[in-house]
file entry31.txt (compact mmCIF, C-alpha atoms and all ligand atoms)
# COMPACT_ATOMS: atom_id res chain seq x y z
CA MET Y 235 5.54 12.29 -8.38
CA ARG Y 236 7.52 9.33 -7.11
CA LEU Y 237 6.07 6.63 -9.42
CA GLN Y 238 5.43 8.65 -12.58
CA ASP Y 239 4.98 6.40 -15.67
CA LYS Y 240 5.33 3.19 -13.64
CA VAL Y 241 2.95 0.25 -13.78
CA ALA Y 242 2.36 -1.51 -10.46
CA LEU Y 243 0.49 -4.74 -9.74
CA ILE Y 244 -0.68 -5.24 -6.15
CA THR Y 245 -2.21 -8.49 -4.89
CA GLY Y 246 -4.68 -8.36 -2.02
CA ALA Y 247 -5.44 -4.74 -2.96
CA GLY Y 248 -9.08 -4.92 -1.89
CA SER Y 249 -8.24 -4.44 1.78
CA GLY Y 250 -5.71 -3.33 4.41
CA ILE Y 251 -2.12 -2.83 3.31
CA GLY Y 252 -2.85 -3.59 -0.36
CA TYR Y 253 -5.73 -1.12 -0.51
CA HIS Y 254 -3.75 1.74 1.09
CA THR Y 255 -0.76 1.00 -1.15
CA ALA Y 256 -2.88 0.97 -4.32
CA VAL Y 257 -4.37 4.38 -3.50
CA LEU Y 258 -0.97 5.83 -2.57
CA PHE Y 259 0.82 4.43 -5.65
CA ALA Y 260 -1.89 5.90 -7.91
CA GLN Y 261 -1.55 9.30 -6.18
CA GLU Y 262 2.18 9.09 -6.95
CA GLY Y 263 1.53 8.61 -10.66
CA ALA Y 264 1.50 4.81 -11.09
CA SER Y 265 -1.03 2.90 -13.18
CA VAL Y 266 -2.26 0.24 -10.79
CA VAL Y 267 -3.46 -3.32 -11.39
CA VAL Y 268 -5.62 -4.16 -8.39
CA VAL Y 269 -5.73 -7.93 -7.77
CA ASP Y 270 -7.94 -9.75 -5.28
CA VAL Y 271 -10.36 -12.66 -4.89
CA ASN Y 272 -12.94 -10.35 -3.32
CA ASP Y 273 -14.36 -8.68 -6.43
CA ALA Y 274 -16.50 -6.10 -4.62
CA ALA Y 275 -13.56 -4.94 -2.50
CA GLY Y 276 -11.16 -4.87 -5.44
CA GLN Y 277 -13.58 -2.89 -7.58
CA LYS Y 278 -14.10 -0.43 -4.72
CA THR Y 279 -10.34 0.25 -4.63
CA VAL Y 280 -10.36 0.88 -8.38
CA ASP Y 281 -13.39 3.19 -8.12
CA GLU Y 282 -11.70 5.24 -5.42
CA ILE Y 283 -8.53 5.60 -7.49
CA THR Y 284 -10.38 6.62 -10.65
CA GLN Y 285 -12.57 9.08 -8.72
CA GLN Y 286 -9.35 10.73 -7.55
CA GLY Y 287 -8.19 11.00 -11.18
CA GLY Y 288 -5.79 8.05 -11.03
CA LYS Y 289 -5.44 5.00 -13.29
CA ALA Y 290 -6.40 1.49 -12.18
CA ILE Y 291 -8.01 -1.75 -13.35
CA TYR Y 292 -9.31 -4.68 -11.35
CA VAL Y 293 -8.30 -8.28 -12.09
CA HIS Y 294 -9.76 -11.23 -10.23
CA ALA Y 295 -6.96 -13.66 -9.45
CA ASP Y 296 -6.34 -16.27 -6.77
CA VAL Y 297 -2.58 -16.05 -6.21
CA SER Y 298 -2.38 -19.75 -5.32
CA LYS Y 299 -3.36 -20.65 -8.90
CA ALA Y 300 -0.79 -20.53 -11.72
CA ALA Y 301 -3.30 -19.72 -14.48
CA ASP Y 302 -4.66 -16.77 -12.46
CA CYS Y 303 -1.17 -15.38 -11.86
CA GLU Y 304 -0.29 -15.67 -15.54
CA LYS Y 305 -3.54 -13.85 -16.37
CA MET Y 306 -2.96 -10.95 -13.94
CA ILE Y 307 0.53 -10.26 -15.31
CA GLN Y 308 -0.80 -10.46 -18.86
CA ALA Y 309 -3.54 -7.96 -17.93
CA ALA Y 310 -0.90 -5.47 -16.72
CA GLU Y 311 1.05 -5.67 -19.99
CA ASP Y 312 -2.07 -5.69 -22.19
CA THR Y 313 -3.61 -2.67 -20.47
CA TYR Y 314 -0.61 -0.51 -19.61
CA GLY Y 315 2.13 -1.91 -21.91
CA ALA Y 316 4.58 -3.00 -19.19
CA LEU Y 317 5.09 -4.05 -15.57
CA HIS Y 318 7.65 -2.30 -13.34
CA ILE Y 319 6.46 -2.96 -9.78
CA LEU Y 320 5.10 -6.22 -8.39
CA PHE Y 321 3.76 -6.18 -4.83
CA ASN Y 322 3.10 -9.78 -3.75
CA ASN Y 323 1.05 -8.80 -0.74
CA ALA Y 324 -1.99 -11.13 -0.56
CA GLY Y 325 -1.86 -13.41 2.45
CA ILE Y 326 -4.07 -15.12 4.98
CA SER Y 327 -3.90 -15.76 8.67
CA HIS Y 328 -6.25 -18.69 9.29
CA ALA Y 329 -8.47 -18.62 12.39
CA ASN Y 330 -7.61 -22.27 13.15
CA ASP Y 331 -3.85 -21.86 12.76
CA ASP Y 332 -2.37 -22.96 16.08
CA ASP Y 333 0.57 -24.97 17.45
CA ALA Y 334 1.98 -28.14 15.87
CA ILE Y 335 -0.46 -30.37 17.71
CA ASN Y 336 -3.64 -28.48 16.92
CA THR Y 337 -3.02 -27.14 13.41
CA THR Y 338 -4.70 -29.38 10.84
CA GLU Y 339 -3.05 -30.44 7.60
CA ASP Y 340 -5.72 -28.52 5.66
CA VAL Y 341 -4.95 -25.25 7.44
CA TRP Y 342 -1.22 -25.81 6.92
CA ASP Y 343 -1.64 -26.53 3.19
CA LEU Y 344 -3.98 -23.60 2.52
CA THR Y 345 -1.67 -21.16 4.32
CA MET Y 346 1.35 -22.38 2.35
CA GLN Y 347 -0.55 -22.30 -0.95
CA ILE Y 348 -1.58 -18.67 -0.60
CA ASN Y 349 1.26 -17.16 1.43
CA VAL Y 350 4.24 -19.00 -0.10
CA LYS Y 351 3.18 -20.48 -3.45
CA GLY Y 352 1.34 -17.23 -4.18
CA VAL Y 353 4.59 -15.26 -3.94
CA PHE Y 354 6.44 -17.88 -6.02
CA LEU Y 355 3.79 -17.78 -8.77
CA GLY Y 356 3.70 -13.97 -8.77
CA CYS Y 357 7.46 -14.01 -9.38
CA LYS Y 358 7.32 -16.88 -11.88
CA TYR Y 359 5.15 -14.84 -14.24
CA GLY Y 360 6.07 -11.35 -13.04
CA ILE Y 361 9.85 -11.54 -13.41
CA PRO Y 362 9.82 -12.12 -17.21
CA ALA Y 363 7.47 -9.12 -17.55
CA ILE Y 364 9.69 -6.88 -15.39
CA ARG Y 365 12.65 -8.03 -17.50
CA ARG Y 366 10.80 -6.99 -20.65
CA ALA Y 367 10.27 -3.57 -19.04
CA GLY Y 368 14.04 -3.23 -18.46
CA GLY Y 369 13.98 -3.82 -14.68
CA GLY Y 370 11.93 -2.92 -11.64
CA SER Y 371 11.04 -3.66 -8.05
CA ILE Y 372 9.39 -6.67 -6.41
CA ILE Y 373 8.09 -6.37 -2.85
CA ASN Y 374 6.96 -9.46 -0.96
CA THR Y 375 4.94 -9.00 2.22
CA ALA Y 376 6.38 -11.17 4.98
CA SER Y 377 5.98 -10.27 8.67
CA PHE Y 378 7.92 -9.58 11.85
CA VAL Y 379 7.20 -13.24 12.77
CA ALA Y 380 9.72 -14.25 10.08
CA SER Y 381 12.37 -12.87 12.45
CA LEU Y 382 10.84 -13.33 15.90
CA GLY Y 383 9.03 -16.21 17.59
CA ALA Y 384 5.63 -14.95 18.74
CA ALA Y 385 4.13 -16.37 21.92
CA THR Y 386 0.70 -16.73 20.30
CA PRO Y 387 0.94 -19.87 18.16
CA GLN Y 388 0.25 -19.48 14.45
CA LEU Y 389 2.67 -22.08 13.23
CA ALA Y 390 1.67 -22.30 9.57
CA TYR Y 391 1.55 -18.50 9.23
CA THR Y 392 4.95 -18.03 10.89
CA ALA Y 393 6.56 -20.75 8.77
CA SER Y 394 5.01 -19.28 5.61
CA LYS Y 395 6.44 -15.82 6.34
CA GLY Y 396 9.88 -17.32 7.07
CA ALA Y 397 9.69 -18.91 3.62
CA VAL Y 398 8.75 -15.58 2.02
CA LEU Y 399 11.78 -13.93 3.64
CA SER Y 400 14.26 -16.61 2.54
CA MET Y 401 12.73 -16.82 -0.96
CA THR Y 402 13.11 -13.04 -1.23
CA ARG Y 403 16.83 -13.17 -0.38
CA GLU Y 404 17.50 -15.78 -3.04
CA LEU Y 405 15.42 -13.99 -5.70
CA ALA Y 406 17.26 -10.75 -4.92
CA THR Y 407 20.61 -12.47 -5.36
CA ILE Y 408 19.66 -14.20 -8.60
CA HIS Y 409 18.23 -11.10 -10.30
CA ALA Y 410 20.41 -8.30 -8.88
CA ARG Y 411 22.47 -7.84 -12.05
CA GLU Y 412 19.46 -7.47 -14.31
CA GLY Y 413 18.05 -4.44 -12.51
CA ILE Y 414 15.36 -6.33 -10.63
CA ARG Y 415 15.31 -5.58 -6.92
CA VAL Y 416 13.44 -7.88 -4.53
CA ASN Y 417 12.70 -6.95 -0.92
CA ALA Y 418 10.67 -8.45 1.92
CA LEU Y 419 8.42 -5.89 3.62
CA CYS Y 420 7.91 -7.05 7.19
CA PRO Y 421 5.12 -5.32 9.11
CA GLY Y 422 4.76 -5.51 12.86
CA PRO Y 423 1.33 -5.94 14.50
CA LEU Y 424 -1.14 -3.57 12.83
CA ARG Y 425 -4.41 -2.06 14.05
CA THR Y 426 -6.34 -4.01 11.41
CA GLU Y 427 -9.74 -5.61 11.77
CA LEU Y 428 -8.20 -9.07 11.68
CA LEU Y 429 -5.87 -8.52 14.61
CA MET Y 430 -8.30 -6.40 16.66
CA LYS Y 431 -10.98 -9.09 16.34
CA TYR Y 432 -8.49 -11.53 17.79
CA LEU Y 433 -7.19 -9.20 20.54
CA ASN Y 434 -10.73 -8.34 21.56
CA THR Y 435 -10.23 -7.23 25.18
CA ASP Y 436 -8.07 -4.49 26.66
CA GLU Y 437 -6.13 -7.14 28.57
CA LYS Y 438 -5.27 -9.03 25.38
CA LYS Y 439 -4.36 -5.83 23.54
CA ASN Y 440 -2.12 -4.66 26.36
CA ARG Y 441 -0.37 -8.02 26.54
CA ARG Y 442 0.69 -7.55 22.90
CA LEU Y 443 1.38 -3.82 23.25
CA VAL Y 444 3.87 -4.31 26.06
CA HIS Y 445 6.22 -5.95 23.53
CA ILE Y 446 6.13 -2.99 21.12
CA PRO Y 447 8.56 -0.24 22.20
CA MET Y 448 6.41 2.42 20.53
CA GLY Y 449 3.49 1.28 22.68
CA ARG Y 450 0.96 1.23 19.84
CA PHE Y 451 -0.16 -0.85 16.89
CA GLY Y 452 0.89 0.17 13.38
CA GLU Y 453 -1.45 1.46 10.69
CA ALA Y 454 -1.77 -0.11 7.23
CA LYS Y 455 -0.96 3.32 5.75
CA GLU Y 456 2.44 3.26 7.47
CA ILE Y 457 3.24 0.04 5.60
CA ALA Y 458 2.05 1.60 2.33
CA TYR Y 459 4.59 4.42 2.74
CA ALA Y 460 7.37 1.83 3.17
CA ALA Y 461 6.14 0.00 0.05
CA LEU Y 462 6.27 3.32 -1.82
CA TYR Y 463 9.94 3.75 -0.92
CA LEU Y 464 10.80 0.18 -1.95
CA ALA Y 465 8.85 0.53 -5.20
CA SER Y 466 10.41 3.86 -6.20
CA ASP Y 467 13.89 4.51 -7.61
CA GLU Y 468 14.77 6.15 -4.28
CA SER Y 469 15.59 2.65 -2.98
CA SER Y 470 17.84 1.85 -5.98
CA PHE Y 471 20.60 0.29 -3.79
CA VAL Y 472 18.21 -1.70 -1.59
CA THR Y 473 17.68 -5.36 -2.43
CA GLY Y 474 17.32 -8.61 -0.51
CA SER Y 475 16.38 -6.68 2.62
CA ASN Y 476 14.30 -7.74 5.58
CA PHE Y 477 12.57 -4.33 5.62
CA LEU Y 478 11.04 -4.14 9.07
CA VAL Y 479 8.30 -1.61 9.79
CA ASP Y 480 7.39 -2.85 13.22
CA GLY Y 481 7.48 -0.13 15.89
CA GLY Y 482 10.67 -1.74 17.20
CA ILE Y 483 9.13 -5.07 18.24
CA THR Y 484 12.00 -7.15 16.83
CA ALA Y 485 14.62 -4.89 18.40
CA ALA Y 486 13.45 -5.18 22.00
CA TYR Y 487 11.49 -7.82 23.81
CA VAL Y 488 10.41 -5.67 26.75
CA THR Y 489 9.54 -1.98 26.67
CA PRO Y 490 11.41 0.42 28.96
CA GLU Y 491 8.19 1.46 30.72
P1 LIG A 1 -6.32 -8.09 4.75
O1 LIG A 1 -7.00 -9.36 5.15
O2 LIG A 1 -6.89 -6.78 5.17
O3 LIG A 1 -6.14 -8.06 3.15
C1 LIG A 1 -5.72 -9.19 2.42
C2 LIG A 1 -6.40 -9.17 1.05
O4 LIG A 1 -5.92 -10.31 0.33
C3 LIG A 1 -7.93 -9.29 1.11
O5 LIG A 1 -8.54 -8.30 0.31
C4 LIG A 1 -8.21 -10.70 0.57
O6 LIG A 1 -9.43 -10.83 -0.12
C5 LIG A 1 -7.01 -10.91 -0.35
N1 LIG A 1 -6.72 -12.33 -0.59
C6 LIG A 1 -6.80 -13.36 0.30
N2 LIG A 1 -6.48 -14.53 -0.31
C7 LIG A 1 -6.19 -14.24 -1.60
C8 LIG A 1 -5.80 -15.01 -2.72
N3 LIG A 1 -5.66 -16.34 -2.63
N4 LIG A 1 -5.55 -14.38 -3.90
C9 LIG A 1 -5.71 -13.04 -4.02
N5 LIG A 1 -6.09 -12.24 -2.98
C10 LIG A 1 -6.32 -12.84 -1.79
O7 LIG A 1 -4.82 -8.27 5.28
P2 LIG A 1 -3.65 -7.20 5.55
O8 LIG A 1 -3.57 -6.99 7.02
O9 LIG A 1 -3.72 -6.04 4.66
O10 LIG A 1 -2.43 -8.13 5.14
C11 LIG A 1 -1.74 -8.04 3.92
C12 LIG A 1 -0.45 -8.80 4.06
O11 LIG A 1 0.28 -8.30 5.18
C13 LIG A 1 -0.61 -10.29 4.29
O12 LIG A 1 0.37 -11.00 3.56
C14 LIG A 1 -0.38 -10.42 5.79
O13 LIG A 1 0.07 -11.70 6.14
C15 LIG A 1 0.67 -9.37 6.02
N6 LIG A 1 0.81 -8.88 7.40
C16 LIG A 1 -0.22 -8.32 8.07
C17 LIG A 1 -0.04 -7.90 9.39
C18 LIG A 1 -1.19 -7.30 10.19
O14 LIG A 1 -1.04 -7.11 11.42
N7 LIG A 1 -2.32 -7.01 9.57
C19 LIG A 1 1.20 -8.02 10.01
C20 LIG A 1 2.25 -8.58 9.29
C21 LIG A 1 2.04 -9.01 7.99
call {"tool": "encode", "arguments": {"input": "entry31.txt", "output": "structure tokens"}}
result
Amino acid sequence: MRLQDKVALITGAGSGIGYHTAVLFAQEGASVVVVDVNDAAGQKTVDEITQQGGKAIYVHADVSKAADCEKMIQAAEDTYGALHILFNNAGISHANDDDAINTTEDVWDLTMQINVKGVFLGCKYGIPAIRRAGGGSIINTASFVASLGAATPQLAYTASKGAVLSMTRELATIHAREGIRVNALCPGPLRTELLMKYLNTDEKKNRRLVHIPMGRFGEAKEIAYAALYLASDESSFVTGSNFLVDGGITAAYVTPE
């Protein structure tokens, strides 16, 4: 198993990428700390893992709050004795996030608090724990929009993911010599409920699809497999990367077809 005897904490593990990653990590031998603000969803992830014979606990934590982040890291060490893998994955894409003119200050602040401060706080409390464990892997979920300007305006979201990518590079540089690797996992557009609700007609879907060389949306499970690689010792020489899993969208603006 690829994560035998490892302890992994995953934020936003009640849904989407976090959920698929939690189930996969447990199948690969990790003890998983499932973190979310949606208690029913988080508990459901834990139930599924334990029904499959894996190990997991649920911790309610809002990643934008320092006390909650301190508590979730403490829970990992108290329950499983260490922390080796920290997946700062929780993030929001606000329905009213728009261009500079139309995005309100409230939407901007909330997006930054969860998407950027949440990653900072996860690292603030998580890095000392990973140090105590003798090293490990931190994965921060950014997005392809950290590298590519998208035509559909989501200014706060895009800026927040750019911040996650640059924060990741600096963290990776600072902690490289103490055996702590830090990578930004950057998904392309996924066939998730959130995006499909937004691209709710064939015309809208096709307008987005034309920019993806593979001609399809990604699946959350495909991001989970990338997280597994970055979490495991197989990626022992990979740090500070902008790890794109995006069907080629950042490599080519127009598809050959
Ligand atoms: P999702 O909405 O399915 O899951 C996010 C989870 O995070 C939810 O369970 C939610 O309850 C939880 N959450 C929200 N705010 C929180 C907070 N303050 N503290 C703790 N948990 C919180 O989303 P997803 O598609 O799985 O996205 C996960 C990450 O991937 C996000 O950072 C997102 O920005 C990024 N991403 C998604 C896509 C996509 O197309 N879906 C593309 C690129 C990047």
call {"tool": "closest_atom_pairs", "arguments": {"input": "entry31.txt", "of": "chain Y", "to": "ligand LIG 1 (chain A)", "cutoff": "8 Å", "atoms": "all atoms listed in the file", "output": "CSV"}}
result
residue,atom,partner,partner_atom,distance
Y:Thr245,CA,A:LIG1,N5,5.7
Y:Gly246,CA,A:LIG1,O4,3.3
Y:Ala247,CA,A:LIG1,O5,5.7
Y:Gly248,CA,A:LIG1,O5,4.1
Y:Ser249,CA,A:LIG1,O5,4.1
Y:Gly250,CA,A:LIG1,O9,3.4
Y:Ile251,CA,A:LIG1,O9,3.8
Y:Gly252,CA,A:LIG1,O9,5.7
Y:Tyr253,CA,A:LIG1,O9,7.4
Y:Val269,CA,A:LIG1,C9,6.3
Y:Asp270,CA,A:LIG1,N5,3.9
Y:Val271,CA,A:LIG1,N5,4.7
Y:Asn272,CA,A:LIG1,O6,4.8
Y:Ala275,CA,A:LIG1,O5,6.7
Y:Gly276,CA,A:LIG1,O5,7.2
Y:His294,CA,A:LIG1,C9,7.6
Y:Ala295,CA,A:LIG1,C9,5.6
Y:Asp296,CA,A:LIG1,N4,3.5
Y:Val297,CA,A:LIG1,N4,4.1
Y:Ser298,CA,A:LIG1,N3,5.4
Y:Lys299,CA,A:LIG1,N3,7.9
Y:Asn322,CA,A:LIG1,O12,7.9
Y:Asn323,CA,A:LIG1,O12,4.9
Y:Ala324,CA,A:LIG1,O4,4.1
Y:Gly325,CA,A:LIG1,O12,3.5
Y:Ile326,CA,A:LIG1,O13,5.5
Y:Ser327,CA,A:LIG1,O13,6.2
Y:Ile348,CA,A:LIG1,N3,5.1
Y:Asn349,CA,A:LIG1,O12,6.6
Y:Gly352,CA,A:LIG1,N3,7.2
Y:Thr375,CA,A:LIG1,O12,5.2
Y:Ala376,CA,A:LIG1,C21,5.7
Y:Ser377,CA,A:LIG1,C20,4.1
Y:Phe378,CA,A:LIG1,C20,6.3
Y:Val379,CA,A:LIG1,C20,7.6
Y:Tyr391,CA,A:LIG1,O13,7.6
Y:Lys395,CA,A:LIG1,O13,7.6
Y:Cys420,CA,A:LIG1,C20,6.2
Y:Pro421,CA,A:LIG1,C20,4.3
Y:Gly422,CA,A:LIG1,C19,5.2
Y:Pro423,CA,A:LIG1,O14,4.1
Y:Leu424,CA,A:LIG1,O14,3.8
Y:Arg425,CA,A:LIG1,O14,6.6
Y:Thr426,CA,A:LIG1,N7,5.3
Y:Glu427,CA,A:LIG1,O2,7.3
Y:Leu428,CA,A:LIG1,N7,6.6
Y:Leu429,CA,A:LIG1,O14,6.0
Y:Gly452,CA,A:LIG1,O14,7.8
Y:Ala454,CA,A:LIG1,O9,6.8
call {"tool": "residues_around", "arguments": {"input": "entry31.txt", "residues": "Ser400 in chain Y", "least_positions_apart": "6", "cutoff": "10 Å", "atoms": "only C-alpha atoms", "output": "list in words"}}
result
Ala376, Ala380, Ala406, Ala418, Gly474 and Asn476 of chain Y
call {"tool": "closest_residue", "arguments": {"input": "entry31.txt", "among": "Y:Ala367, Y:Leu419, Y:Ile361, Y:Ala290", "to": "Tyr463 in chain Y", "atoms": "only C-alpha atoms"}}
result
Y:Leu419
call {"tool": "atom_distance", "arguments": {"input": "entry31.txt", "atom1": "CA of Glu304 in chain Y", "atom2": "CA of Cys357 in chain Y"}}
result
10.0 Å
call {"tool": "residues_around", "arguments": {"input": "entry31.txt", "residues": "Ala385 in chain Y", "least_positions_apart": "4", "cutoff": "12 Å", "atoms": "all atoms listed in the file", "output": "list in words"}}
result
Asp332, Asp333, Val379, Leu389, Thr392, Arg441, Arg442, His445 and Tyr487 of chain Y
call {"tool": "write_last_selection", "arguments": {"input": "entry31.txt", "atoms": "C-alpha atoms", "output": "PDB file, in the frame of the given file"}}
result
ATOM      1  CA  ASP Y 332      -2.370 -22.960  16.080  1.00  0.00           C
ATOM      2  CA  ASP Y 333       0.570 -24.970  17.450  1.00  0.00           C
ATOM      3  CA  VAL Y 379       7.200 -13.240  12.770  1.00  0.00           C
ATOM      4  CA  LEU Y 389       2.670 -22.080  13.230  1.00  0.00           C
ATOM      5  CA  THR Y 392       4.950 -18.030  10.890  1.00  0.00           C
ATOM      6  CA  ARG Y 441      -0.370  -8.020  26.540  1.00  0.00           C
ATOM      7  CA  ARG Y 442       0.690  -7.550  22.900  1.00  0.00           C
ATOM      8  CA  HIS Y 445       6.220  -5.950  23.530  1.00  0.00           C
ATOM      9  CA  TYR Y 487      11.490  -7.820  23.810  1.00  0.00           C
TER      10      TYR Y 487
END
call {"tool": "atom_distance", "arguments": {"input": "entry31.txt", "atom1": "CA of Val341 in chain Y", "atom2": "CA of Asn434 in chain Y"}}
result
22.8 Å
call {"tool": "atom_distance", "arguments": {"input": "entry31.txt", "atom1": "CA of Cys303 in chain Y", "atom2": "CA of Tyr459 in chain Y"}}
result
25.3 Å
call {"tool": "closest_residue", "arguments": {"input": "entry31.txt", "among": "Y:Gln286, Y:Ser381, Y:Gln261, Y:Thr338", "to": "Met235 in chain Y", "atoms": "only C-alpha atoms"}}
result
Y:Gln261
call {"tool": "closest_residue", "arguments": {"input": "entry31.txt", "among": "Y:Val268, Y:Ala309, Y:Val472, Y:Ala397", "to": "Thr284 in chain Y", "atoms": "all atoms listed in the file"}}
result
Y:Val268
call {"tool": "residues_around", "arguments": {"input": "entry31.txt", "residues": "Ala264 in chain Y", "least_positions_apart": "6", "cutoff": "7 Å", "atoms": "all atoms listed in the file", "output": "JSON, numbers by chain"}}
result
{"Y": [237, 238, 239, 240, 241, 242]}
call {"tool": "closest_residue", "arguments": {"input": "entry31.txt", "among": "Y:Thr345, Y:Gln308, Y:Ser371, Y:Gln388", "to": "Gly413 in chain Y", "atoms": "all atoms listed in the file"}}
result
Y:Ser371
call {"tool": "closest_residue", "arguments": {"input": "entry31.txt", "among": "Y:Glu282, Y:Gly288, Y:Ala316, Y:Glu437", "to": "Ala363 in chain Y", "atoms": "only C-alpha atoms"}}
result
Y:Ala316
call {"tool": "closest_residue", "arguments": {"input": "entry31.txt", "among": "Y:Leu320, Y:Ile283, Y:Ala334, Y:Val398", "to": "Tyr359 in chain Y", "atoms": "all atoms listed in the file"}}
result
Y:Leu320
call {"tool": "residues_near_point", "arguments": {"input": "entry31.txt", "point": "(5.4, 1.1, 1.2)", "cutoff": "9 Å", "atoms": "only C-alpha atoms", "output": "list in words"}}
result
Ile251, Thr255, Leu258, Phe259, Ile373, Leu419, Lys455, Glu456, Ile457, Ala458, Tyr459, Ala460, Ala461, Leu462, Tyr463, Leu464 and Ala465 of chain Y
call {"tool": "axis_aligned_box", "arguments": {"input": "entry31.txt", "around": "range 303-312 of chain Y", "padding_each_side": "4 Å", "output": "JSON"}}
result
{"center_x": -1.2, "center_y": -10.6, "center_z": -17.0, "size_x": 12.6, "size_y": 18.2, "size_z": 18.3}
call {"tool": "build_atoms", "arguments": {"input": "entry31.txt", "residues": "range 283-289 of chain Y", "atoms": "all heavy atoms", "output": "CSV table (one decimal), keeping the file's coordinate frame"}}
result
chain,number,residue,atom,x,y,z
Y,283,ILE,N,-9.7,5.1,-6.8
Y,283,ILE,CA,-8.5,5.6,-7.5
Y,283,ILE,C,-9.0,6.4,-8.7
Y,283,ILE,O,-8.5,7.6,-8.9
Y,283,ILE,CB,-7.6,4.5,-7.9
Y,283,ILE,CG1,-6.9,3.8,-6.7
Y,283,ILE,CG2,-6.6,4.9,-9.0
Y,283,ILE,CD1,-6.1,2.6,-7.0
Y,284,THR,N,-9.9,5.9,-9.4
Y,284,THR,CA,-10.4,6.6,-10.6
Y,284,THR,C,-11.1,7.9,-10.3
Y,284,THR,O,-11.0,8.9,-11.0
Y,284,THR,CB,-11.2,5.7,-11.6
Y,284,THR,OG1,-12.2,5.1,-10.8
Y,284,THR,CG2,-10.4,4.7,-12.2
Y,285,GLN,N,-11.9,7.9,-9.2
Y,285,GLN,CA,-12.6,9.1,-8.7
Y,285,GLN,C,-11.6,10.2,-8.4
Y,285,GLN,O,-11.9,11.4,-8.5
Y,285,GLN,CB,-13.5,8.8,-7.5
Y,285,GLN,CG,-14.9,8.3,-7.9
Y,285,GLN,CD,-15.5,7.4,-6.8
Y,285,GLN,OE1,-15.2,7.6,-5.6
Y,285,GLN,NE2,-16.5,6.6,-7.2
Y,286,GLN,N,-10.4,9.8,-7.9
Y,286,GLN,CA,-9.4,10.7,-7.6
Y,286,GLN,C,-8.5,11.2,-8.8
Y,286,GLN,O,-7.5,11.9,-8.7
Y,286,GLN,CB,-8.4,10.1,-6.5
Y,286,GLN,CG,-9.0,9.9,-5.1
Y,286,GLN,CD,-8.0,9.4,-4.1
Y,286,GLN,OE1,-6.8,9.3,-4.4
Y,286,GLN,NE2,-8.5,8.9,-3.0
Y,287,GLY,N,-8.9,10.6,-10.0
Y,287,GLY,CA,-8.2,11.0,-11.2
Y,287,GLY,C,-7.0,10.1,-11.5
Y,287,GLY,O,-6.3,10.4,-12.4
Y,288,GLY,N,-6.9,9.0,-10.8
Y,288,GLY,CA,-5.8,8.0,-11.0
Y,288,GLY,C,-6.2,7.0,-12.0
Y,288,GLY,O,-7.3,6.9,-12.5
Y,289,LYS,N,-5.2,6.1,-12.3
Y,289,LYS,CA,-5.4,5.0,-13.3
Y,289,LYS,C,-5.4,3.7,-12.6
Y,289,LYS,O,-4.4,3.4,-11.9
Y,289,LYS,CB,-4.4,5.0,-14.4
Y,289,LYS,CG,-4.6,6.1,-15.4
Y,289,LYS,CD,-3.7,5.8,-16.6
Y,289,LYS,CE,-2.9,7.1,-17.0
Y,289,LYS,NZ,-1.7,6.8,-17.7
